[in-house]
Amino acid sequence: MKNGVKMSWKCKNCGGCLFSQPTKGNLNLTKIDKQGTVIECEETTLYYGYITCDKCKKRGIKIQNIAEWEKE
């Protein structure tokens with residue numbers, strides 16, 4: 001929310017507002033505590049898949065291909 005105005009991406013096909021994008025990459029664990037909890041890490045993304053609307057499964061290379069930015 002910015003200045004009291006709610007803004008979000010909405011699917012052009014169904015109006016859905018939840019999207020997914022599969023990725024492939026590496027997670028370098030740079031700091032781990034004695035219990036094995038990761039404290040610090042560096043992420044490198046090697047591949048980005050299609051962005052997909054979780055509701056209707058419409059997909060595109062960019063969010064702009066399947067959704068529009070809307071203010072409510």
# chains A, B, ... in the order shown; residues from 1 in each chain; ligands from 1
>>> residues_around(residues="Cys53 in chain A", least_positions_apart="3", cutoff="10 Å", atoms="only C-alpha atoms", output="number ranges by chain")
A: 10-21, 50, 56-60, 63, 66-67
>>> atom_distance(atom1="CA of Leu27 in chain A", atom2="CA of Tyr47 in chain A")
13.3 Å
>>> atom_distance(atom1="CA of Thr44 in chain A", atom2="CA of Lys24 in chain A")
8.7 Å
>>> select_by_dssp(residues="chain A", states="alpha helix (DSSP H)", output="list in words")
Ile63, Gln64, Asn65 and Ile66 of chain A
>>> decode(residues="range 20-41 of chain A", atoms="N, CA and C atoms", output="tab-separated table (two decimals), in the first residue's frame")
chain	number	residue	atom	x	y	z
A	20	SER	N	3.17	-17.16	-10.02
A	20	SER	CA	4.32	-18.00	-9.69
A	20	SER	C	5.33	-17.93	-10.82
A	21	GLN	N	6.60	-18.12	-10.48
A	21	GLN	CA	7.65	-18.19	-11.49
A	21	GLN	C	8.71	-19.17	-11.01
A	22	PRO	N	8.84	-20.32	-11.69
A	22	PRO	CA	9.88	-21.26	-11.28
A	22	PRO	C	11.26	-20.70	-11.59
A	23	THR	N	12.20	-21.00	-10.73
A	23	THR	CA	13.58	-20.57	-10.93
A	23	THR	C	14.52	-21.73	-10.68
A	24	LYS	N	15.72	-21.60	-11.19
A	24	LYS	CA	16.77	-22.58	-10.93
A	24	LYS	C	18.02	-21.80	-10.59
A	25	GLY	N	18.69	-22.19	-9.52
A	25	GLY	CA	19.88	-21.46	-9.14
A	25	GLY	C	20.65	-22.14	-8.03
A	26	ASN	N	21.56	-21.41	-7.47
A	26	ASN	CA	22.41	-21.91	-6.39
A	26	ASN	C	22.20	-21.08	-5.14
A	27	LEU	N	22.25	-21.75	-4.00
A	27	LEU	CA	22.17	-21.10	-2.70
A	27	LEU	C	23.46	-21.43	-1.97
A	28	ASN	N	24.34	-20.43	-1.86
A	28	ASN	CA	25.61	-20.62	-1.18
A	28	ASN	C	25.43	-20.26	0.29
A	29	LEU	N	25.61	-21.25	1.16
A	29	LEU	CA	25.43	-21.05	2.60
A	29	LEU	C	26.73	-20.49	3.17
A	30	THR	N	26.70	-19.21	3.53
A	30	THR	CA	27.93	-18.54	3.97
A	30	THR	C	28.09	-18.52	5.49
A	31	LYS	N	26.97	-18.72	6.23
A	31	LYS	CA	27.07	-18.76	7.69
A	31	LYS	C	25.98	-19.68	8.25
A	32	ILE	N	26.41	-20.71	9.00
A	32	ILE	CA	25.50	-21.68	9.61
A	32	ILE	C	25.87	-21.80	11.09
A	33	ASP	N	24.84	-21.75	11.96
A	33	ASP	CA	25.14	-21.85	13.40
A	33	ASP	C	25.33	-23.30	13.83
A	34	LYS	N	25.64	-23.50	15.11
A	34	LYS	CA	25.95	-24.82	15.67
A	34	LYS	C	24.78	-25.81	15.52
A	35	GLN	N	23.54	-25.30	15.54
A	35	GLN	CA	22.36	-26.15	15.40
A	35	GLN	C	22.03	-26.48	13.94
A	36	GLY	N	22.79	-25.91	13.02
A	36	GLY	CA	22.57	-26.15	11.59
A	36	GLY	C	21.62	-25.17	10.94
A	37	THR	N	21.23	-24.12	11.65
A	37	THR	CA	20.35	-23.10	11.10
A	37	THR	C	21.16	-22.17	10.20
A	38	VAL	N	20.65	-21.93	8.98
A	38	VAL	CA	21.33	-21.02	8.06
A	38	VAL	C	21.12	-19.59	8.55
A	39	ILE	N	22.22	-18.89	8.78
A	39	ILE	CA	22.18	-17.51	9.26
A	39	ILE	C	22.33	-16.54	8.09
A	40	GLU	N	23.15	-16.91	7.14
A	40	GLU	CA	23.46	-16.05	6.01
A	40	GLU	C	23.64	-16.90	4.76
A	41	CYS	N	23.16	-16.39	3.63
A	41	CYS	CA	23.36	-17.11	2.37
A	41	CYS	C	23.39	-16.13	1.21
